[in-house]
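A.B. asks: This is run_38.cif, which holds mmCIF, C-alpha atoms:
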data_run
#
loop_
_atom_site.label_atom_id
_atom_site.label_comp_id
_atom_site.auth_asym_id
_atom_site.auth_seq_id
_atom_site.Cartn_x
_atom_site.Cartn_y
_atom_site.Cartn_z
CA MET A 1188 -10.50 -1.00 23.42
CA THR A 1189 -11.04 -3.26 20.44
CA ASN A 1190 -13.19 -3.23 17.32
CA PHE A 1191 -16.27 -5.43 17.48
CA ASP A 1192 -15.80 -6.30 13.79
CA GLU A 1193 -12.03 -6.78 13.82
CA ALA A 1194 -12.14 -9.89 11.63
CA LEU A 1195 -14.12 -8.02 8.98
CA LEU A 1196 -11.81 -5.01 9.09
CA LEU A 1197 -8.73 -7.16 8.69
CA SER A 1198 -10.29 -9.11 5.82
CA GLN A 1199 -10.68 -5.87 3.82
CA GLN A 1200 -13.70 -7.39 2.10
CA VAL A 1201 -17.43 -6.84 2.42
CA ASP A 1202 -19.33 -9.82 3.80
CA PRO A 1203 -22.98 -9.66 2.68
CA SER A 1204 -23.88 -12.52 5.04
CA LEU A 1205 -23.21 -10.42 8.14
CA ASP A 1206 -26.01 -8.78 10.08
CA MET A 1207 -24.43 -5.40 9.46
CA PRO A 1208 -25.33 -2.86 6.76
CA ILE A 1209 -23.04 -3.12 3.76
CA ARG A 1210 -22.58 0.64 3.73
CA ASP A 1211 -21.27 0.48 7.31
CA GLN A 1212 -18.88 -2.30 6.39
CA ILE A 1213 -17.52 -0.35 3.43
CA LEU A 1214 -16.84 2.80 5.41
CA ARG A 1215 -15.33 1.08 8.45
CA ILE A 1216 -13.07 -1.15 6.32
CA ALA A 1217 -11.81 1.80 4.28
CA LEU A 1218 -11.09 4.03 7.26
CA TYR A 1219 -9.41 1.24 9.23
CA ASP A 1220 -7.06 0.53 6.33
CA GLU A 1221 -6.19 4.21 5.97
CA TYR A 1222 -5.45 4.28 9.71
CA HIS A 1223 -3.11 1.35 9.14
CA ALA A 1224 -1.23 3.13 6.36
CA TYR A 1225 -0.95 6.36 8.32
CA GLN A 1226 0.37 4.71 11.48
CA THR A 1227 2.84 2.60 9.50
CA TYR A 1228 4.32 5.59 7.72
CA ARG A 1229 4.29 7.60 10.96
CA LYS A 1230 6.39 4.89 12.61
CA VAL A 1231 8.77 4.82 9.65
CA ILE A 1232 9.34 8.57 9.97
CA GLU A 1233 9.84 8.34 13.73
CA THR A 1234 12.36 5.53 13.23
CA PHE A 1235 14.31 6.67 10.16
CA GLY A 1236 13.63 10.42 10.05
CA PRO A 1237 11.74 12.61 7.56
CA GLU A 1238 12.66 10.61 4.47
CA LEU A 1239 11.00 10.55 1.07
CA PRO A 1240 8.58 9.27 0.00
CA PHE A 1241 7.13 8.80 3.49
CA ILE A 1242 6.92 12.46 4.44
CA ASN A 1243 4.77 13.14 1.39
CA ILE A 1244 2.64 10.03 1.59
CA ILE A 1245 1.79 10.38 5.28
CA GLU A 1246 0.27 13.78 4.52
CA ALA A 1247 -1.78 12.16 1.77
CA GLU A 1248 -2.93 9.44 4.16
CA GLN A 1249 -4.14 12.08 6.60
CA ARG A 1250 -6.16 13.63 3.76
CA HIS A 1251 -7.65 10.22 3.03
CA ILE A 1252 -8.70 9.86 6.65
CA ASN A 1253 -10.16 13.35 6.61
CA ALA A 1254 -12.17 12.49 3.49
CA LEU A 1255 -13.66 9.34 5.03
CA ILE A 1256 -14.56 10.49 8.55
CA PRO A 1257 -17.29 12.94 7.42
CA LEU A 1258 -18.95 10.10 5.47
CA LEU A 1259 -19.10 7.90 8.55
CA GLN A 1260 -20.50 10.82 10.53
CA LYS A 1261 -23.06 11.63 7.82
CA TYR A 1262 -24.42 8.10 7.74
CA GLY A 1263 -24.23 7.52 11.49
CA VAL A 1264 -21.50 4.88 11.31
CA ALA A 1265 -19.29 4.43 14.37
CA LEU A 1266 -15.63 5.19 13.70
CA PRO A 1267 -13.36 2.14 14.01
CA VAL A 1268 -10.79 2.22 16.79
CA ASP A 1269 -7.34 3.13 15.50
CA ASP A 1270 -5.31 0.48 17.30
CA TRP A 1271 -2.56 0.05 14.71
CA TYR A 1272 0.46 1.90 16.11
CA GLU A 1273 1.45 -0.61 18.76
CA LYS A 1274 0.83 -3.54 16.40
CA ILE A 1275 3.22 -2.38 13.69
CA GLU A 1276 6.68 -3.92 13.52
CA LEU A 1277 9.02 -2.34 10.99
CA PRO A 1278 11.80 -4.08 9.08
CA GLN A 1279 15.43 -3.13 9.68
CA THR A 1280 16.05 -0.73 6.78
CA LEU A 1281 14.30 2.12 5.03
CA VAL A 1282 14.30 0.37 1.68
CA GLU A 1283 12.58 -2.62 3.26
CA CYS A 1284 9.94 -0.20 4.52
CA CYS A 1285 9.48 0.93 0.92
CA GLU A 1286 9.12 -2.72 -0.08
CA VAL A 1287 6.38 -3.13 2.49
CA GLY A 1288 4.81 0.07 1.13
CA VAL A 1289 4.60 -1.42 -2.36
CA GLY A 1290 2.76 -4.47 -1.10
CA ALA A 1291 0.50 -2.41 1.16
CA GLU A 1292 -0.54 -0.04 -1.64
CA ILE A 1293 -1.32 -2.96 -3.96
CA GLU A 1294 -3.48 -4.50 -1.24
CA ASN A 1295 -5.15 -1.12 -0.73
CA ILE A 1296 -6.01 -0.90 -4.43
CA LYS A 1297 -7.47 -4.43 -4.34
CA MET A 1298 -9.46 -3.52 -1.23
CA TYR A 1299 -11.09 -0.56 -2.98
CA ASP A 1300 -11.94 -2.78 -5.94
CA ASN A 1301 -13.93 -4.95 -3.56
CA LEU A 1302 -15.59 -2.07 -1.73
CA LEU A 1303 -16.62 -0.37 -4.97
CA LYS A 1304 -18.48 -3.49 -6.08
CA TYR A 1305 -20.91 -2.92 -3.22
CA ALA A 1306 -20.99 0.87 -2.82
CA GLN A 1307 -24.19 2.55 -3.97
CA GLU A 1308 -24.27 6.05 -2.48
CA GLU A 1309 -22.83 8.56 -4.95
CA ASP A 1310 -20.72 10.43 -2.41
CA ILE A 1311 -19.20 7.21 -1.07
CA VAL A 1312 -18.41 5.94 -4.57
CA ASP A 1313 -16.74 9.24 -5.44
CA VAL A 1314 -14.48 9.21 -2.37
CA LEU A 1315 -13.53 5.56 -2.80
CA TYR A 1316 -12.55 6.10 -6.43
CA ARG A 1317 -10.45 9.13 -5.53
CA LEU A 1318 -8.61 7.31 -2.75
CA GLN A 1319 -7.94 4.30 -4.96
CA ALA A 1320 -6.64 6.55 -7.74
CA ALA A 1321 -4.25 8.24 -5.31
CA SER A 1322 -2.82 4.87 -4.30
CA TYR A 1323 -2.47 3.69 -7.90
CA ASN A 1324 -1.19 6.89 -9.50
CA ASN A 1325 0.87 8.39 -6.68
CA HIS A 1326 1.72 6.18 -3.72
CA LEU A 1327 2.49 2.91 -5.48
CA PRO A 1328 4.85 4.47 -8.08
CA SER A 1329 6.67 6.34 -5.30
CA PHE A 1330 7.33 3.21 -3.27
CA ARG A 1331 8.34 1.28 -6.38
CA ALA A 1332 10.78 4.06 -7.25
CA CYS A 1333 12.22 4.05 -3.73
CA VAL A 1334 13.00 0.33 -3.96
CA ALA A 1335 14.32 0.63 -7.51
CA ALA A 1336 16.61 3.52 -6.58
CA SER A 1337 18.11 1.53 -3.72
CA TYR A 1338 18.72 -1.48 -5.93
CA GLN A 1339 20.28 0.70 -8.60
CA GLU A 1340 22.61 2.31 -6.04
CA ALA A 1341 23.61 -1.10 -4.70
CA SER A 1342 24.36 -2.27 -8.24
CA ARG A 1343 26.47 0.82 -8.85
CA GLN A 1344 28.49 0.31 -5.69
CA THR A 1345 29.19 -3.32 -6.49
CA GLY A 1346 30.03 -2.55 -10.10
CA ASN A 1347 27.46 -5.08 -11.22
CA SER A 1348 24.94 -2.80 -12.88
CA GLU A 1349 24.47 -5.18 -15.80
CA ALA A 1350 23.44 -8.10 -13.61
CA HIS A 1351 19.96 -9.44 -14.07
CA PRO A 1352 17.82 -7.97 -11.26
CA HIS A 1353 16.64 -11.31 -9.94
CA GLU A 1354 20.21 -12.16 -8.90
CA ALA A 1355 19.79 -9.77 -5.99
CA PHE A 1356 17.25 -12.17 -4.51
CA GLY A 1357 19.04 -15.45 -5.18
CA ALA A 1358 18.22 -18.35 -7.43
CA LYS A 1359 15.50 -19.65 -5.14
CA HIS A 1360 13.44 -16.52 -5.93
CA HIS A 1361 13.75 -16.87 -9.70
CA ASP A 1362 10.09 -17.83 -10.12
CA LEU A 1363 9.06 -14.88 -7.98
CA TYR A 1364 11.16 -12.57 -10.09
CA LYS A 1365 9.59 -13.85 -13.30
CA PHE A 1366 6.20 -13.23 -11.72
CA ALA A 1367 7.32 -9.74 -10.75
CA GLU A 1368 8.20 -9.00 -14.36
CA SER A 1369 4.55 -9.53 -15.23
CA LEU A 1370 3.59 -7.19 -12.39
CA VAL A 1371 5.85 -4.48 -13.78
CA LYS A 1372 3.98 -4.83 -17.07
CA GLY A 1373 0.73 -4.30 -15.23
CA ASP A 1374 -0.42 -7.94 -15.17
CA PHE A 1375 -1.18 -8.33 -11.47
CA ASP A 1376 -2.57 -11.74 -10.60
CA SER A 1377 -3.09 -12.07 -6.87
CA GLY A 1378 -3.98 -15.74 -7.24
CA GLY A 1379 -0.75 -16.52 -9.03
CA PHE A 1380 1.27 -14.63 -6.49
CA ALA A 1381 -0.44 -16.41 -3.62
CA LYS A 1382 0.75 -19.73 -5.01
CA LEU A 1383 4.36 -18.53 -4.71
CA VAL A 1384 4.32 -16.56 -1.48
CA THR A 1385 2.14 -16.80 1.61
CA GLY A 1386 2.07 -15.21 5.02
CA ASP A 1387 3.98 -12.19 6.24
CA GLN A 1388 6.63 -12.45 3.50
CA LYS A 1389 4.23 -11.40 0.77
CA GLU A 1390 4.47 -7.63 1.04
CA LEU A 1391 8.22 -7.63 1.65
CA ILE A 1392 9.17 -9.90 -1.26
CA LEU A 1393 6.64 -8.36 -3.60
CA GLY A 1394 7.99 -4.90 -2.91
CA GLY A 1395 11.58 -5.95 -3.46
CA LEU A 1396 10.83 -7.75 -6.67
CA LEU A 1397 8.82 -4.90 -8.07
CA GLY A 1398 11.58 -2.49 -7.19
CA ALA A 1399 14.24 -4.62 -8.82
CA GLY A 1400 12.16 -5.07 -11.93
CA LEU A 1401 11.63 -1.37 -12.30
CA THR A 1402 15.37 -0.72 -12.53
CA MET A 1403 15.08 -2.01 -16.06
CA ALA A 1404 12.69 0.80 -16.91
CA PHE A 1405 13.83 3.88 -14.98
CA SER A 1406 17.00 5.93 -15.15
CA SER A 1407 18.34 7.46 -11.94
CA ASP A 1408 17.15 10.95 -12.94
CA ILE A 1409 13.61 9.71 -13.50
CA LEU A 1410 13.68 7.89 -10.18
CA LYS A 1411 14.81 11.03 -8.41
CA ASP A 1412 11.99 13.04 -9.96
CA ILE A 1413 9.43 10.44 -8.94
CA LEU A 1414 10.67 10.40 -5.36
CA GLN A 1415 10.46 14.17 -5.20
CA ASN A 1416 7.06 14.63 -6.84
CA GLU A 1417 4.99 11.52 -7.38
CA ALA A 1418 3.71 11.08 -3.83
CA GLU A 1419 2.06 14.51 -3.75
CA GLU A 1420 -1.68 14.32 -4.26
CA LYS A 1421 -3.00 15.92 -7.42
#
Starting from the file, give its structure as structure tokens.

C.D. replies:
Amino acid sequence: MTNFDEALLLSQQVDPSLDMPIRDQILRIALYDEYHAYQTYRKVIETFGPELPFINIIEAEQRHINALIPLLQKYGVALPVDDWYEKIELPQTLVECCEVGVGAEIENIKMYDNLLKYAQEEDIVDVLYRLQAASYNNHLPSFRACVAASYQEASRQTGNSEAHPHEAFGAKHHDLYKFAESLVKGDFDSGGFAKLVTGDQKELILGGLLGAGLTMAFSSDILKDILQNEAEEK
């Protein structure tokens, strides 16, 4: 069973030219993306065990799904088919999964920016804002901290803790690292990033770079606290 609007759902953007109510597009896109996140983190847990931050964030993703489904039911919108589990291919290590998580949460935040431009119903706007805030304030920092902690541990083991973080990615990624430094400062420019990275590598490299950059800002104790607490919904 497939979704009749699969191209729209994967685009994560409302298309006003379609012969489909914008409200329906908003709700189906949002729920389909939350399905994606949930099934990804479910597969990570099944593969690597109940590791932080995934065990906290998957519970949050279920709450996101539970917040959206009643809205689709209220407005008579058909639920999208959750066909993600079999499509998901995980990287080889847990830290790489955290890297993917960083990229996925950034894309999720961008998606809600687009959906909120078109949302009009007060209850829909409220839920979308709350879900976006959870990604920005809780999930994204947790995944960043996961990557940063792994890089910091690798630096400690190699005795090269003073090395510039971009060295972990090789000279060919120097421009990407410099771009990541701007991301760490909060200056996210998706257009600029797209010029450097395209295709399936985007989430993986973005996550790694963000994680490496954050080692400049966090001590190990702070990282540990974030991993323990930040993913829990407020």

A.B. asks: Which is closer to Glu1294 of chain A than all the others in A:Leu1197, A:Leu1205, A:Ile1275, A:Ile1242, using only C-alpha atoms?

C.D. replies: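 Going through A:Leu1197, A:Leu1205, A:Ile1275, A:Ile1242 one by one, the smallest distance to Glu1294 of chain A is for A:Leu1197.
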
A.B. asks: List, as number ranges by chain, every residue that the PyMOL selection byres ((chain A and resi 1254-1260) around 12) selects in the file provided.

C.D. replies: A: 1210-1222, 1247-1253, 1261-1267, 1308-1318

A.B. asks: So how many Å separate atom CA of Ile1245 of chain A and atom CA of Arg1229 of chain A, to one decimal?

C.D. replies: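 About the pair atom CA of Ile1245 of chain A and atom CA of Arg1229 of chain A: they are 6.8 Å apart.
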
A.B. asks: At what distance in Å, to one decimal, does atom CA of Asp1270 of chain A lie from atom CA of Val1282 of chain A?

C.D. replies: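 Between atom CA of Val1282 of chain A and atom CA of Asp1270 of chain A the gap works out to 25.1 Å.
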
A.B. asks: Which residue out of A:Asp1269, A:Glu1276, A:Glu1238, A:Asp1300 has the minimum interatomic distance to Phe1330 of chain A when all atoms listed in the file are used?

C.D. replies: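 Closest residue, counting all atoms listed in the file: A:Glu1238.
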
A.B. asks: Residues picked by the PyMOL selection byres ((chain A and resi 1334) around 7) here, as a list of chain:residue names?

C.D. replies: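 What the PyMOL selection byres ((chain A and resi 1334) around 7) grabs from the file is A:Val1282, A:Cys1285, A:Glu1286, A:Phe1330, A:Arg1331, A:Ala1332, A:Cys1333, A:Ala1335, A:Ala1336, A:Ser1337, A:Tyr1338, A:Gly1395, A:Gly1398.
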
A.B. asks: Kindly give the distance, in Å, that separates atom CA of Glu1233 of chain A and atom CA of Leu1277 of chain A, rounded to a single decimal.

C.D. replies: 11.1 Å

A.B. asks: Choose the residue, out of A:Ile1244, A:Lys1230, A:Phe1235, A:Ser1198, that has the smallest atom-to-atom separation from Glu1273 of chain A; count all atoms listed in the file.

C.D. replies: A:Lys1230

A.B. asks: For the structure shown, which residues end up in the PyMOL selection byres ((chain A and resi 1305) around 9)? Put them as a list in words, please?

C.D. replies: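 The output of the PyMOL selection byres ((chain A and resi 1305) around 9) on this file is Val1201, Ile1209, Arg1210, Ile1213, Asn1301, Leu1302, Leu1303, Lys1304, Ala1306 and Gln1307 of chain A.
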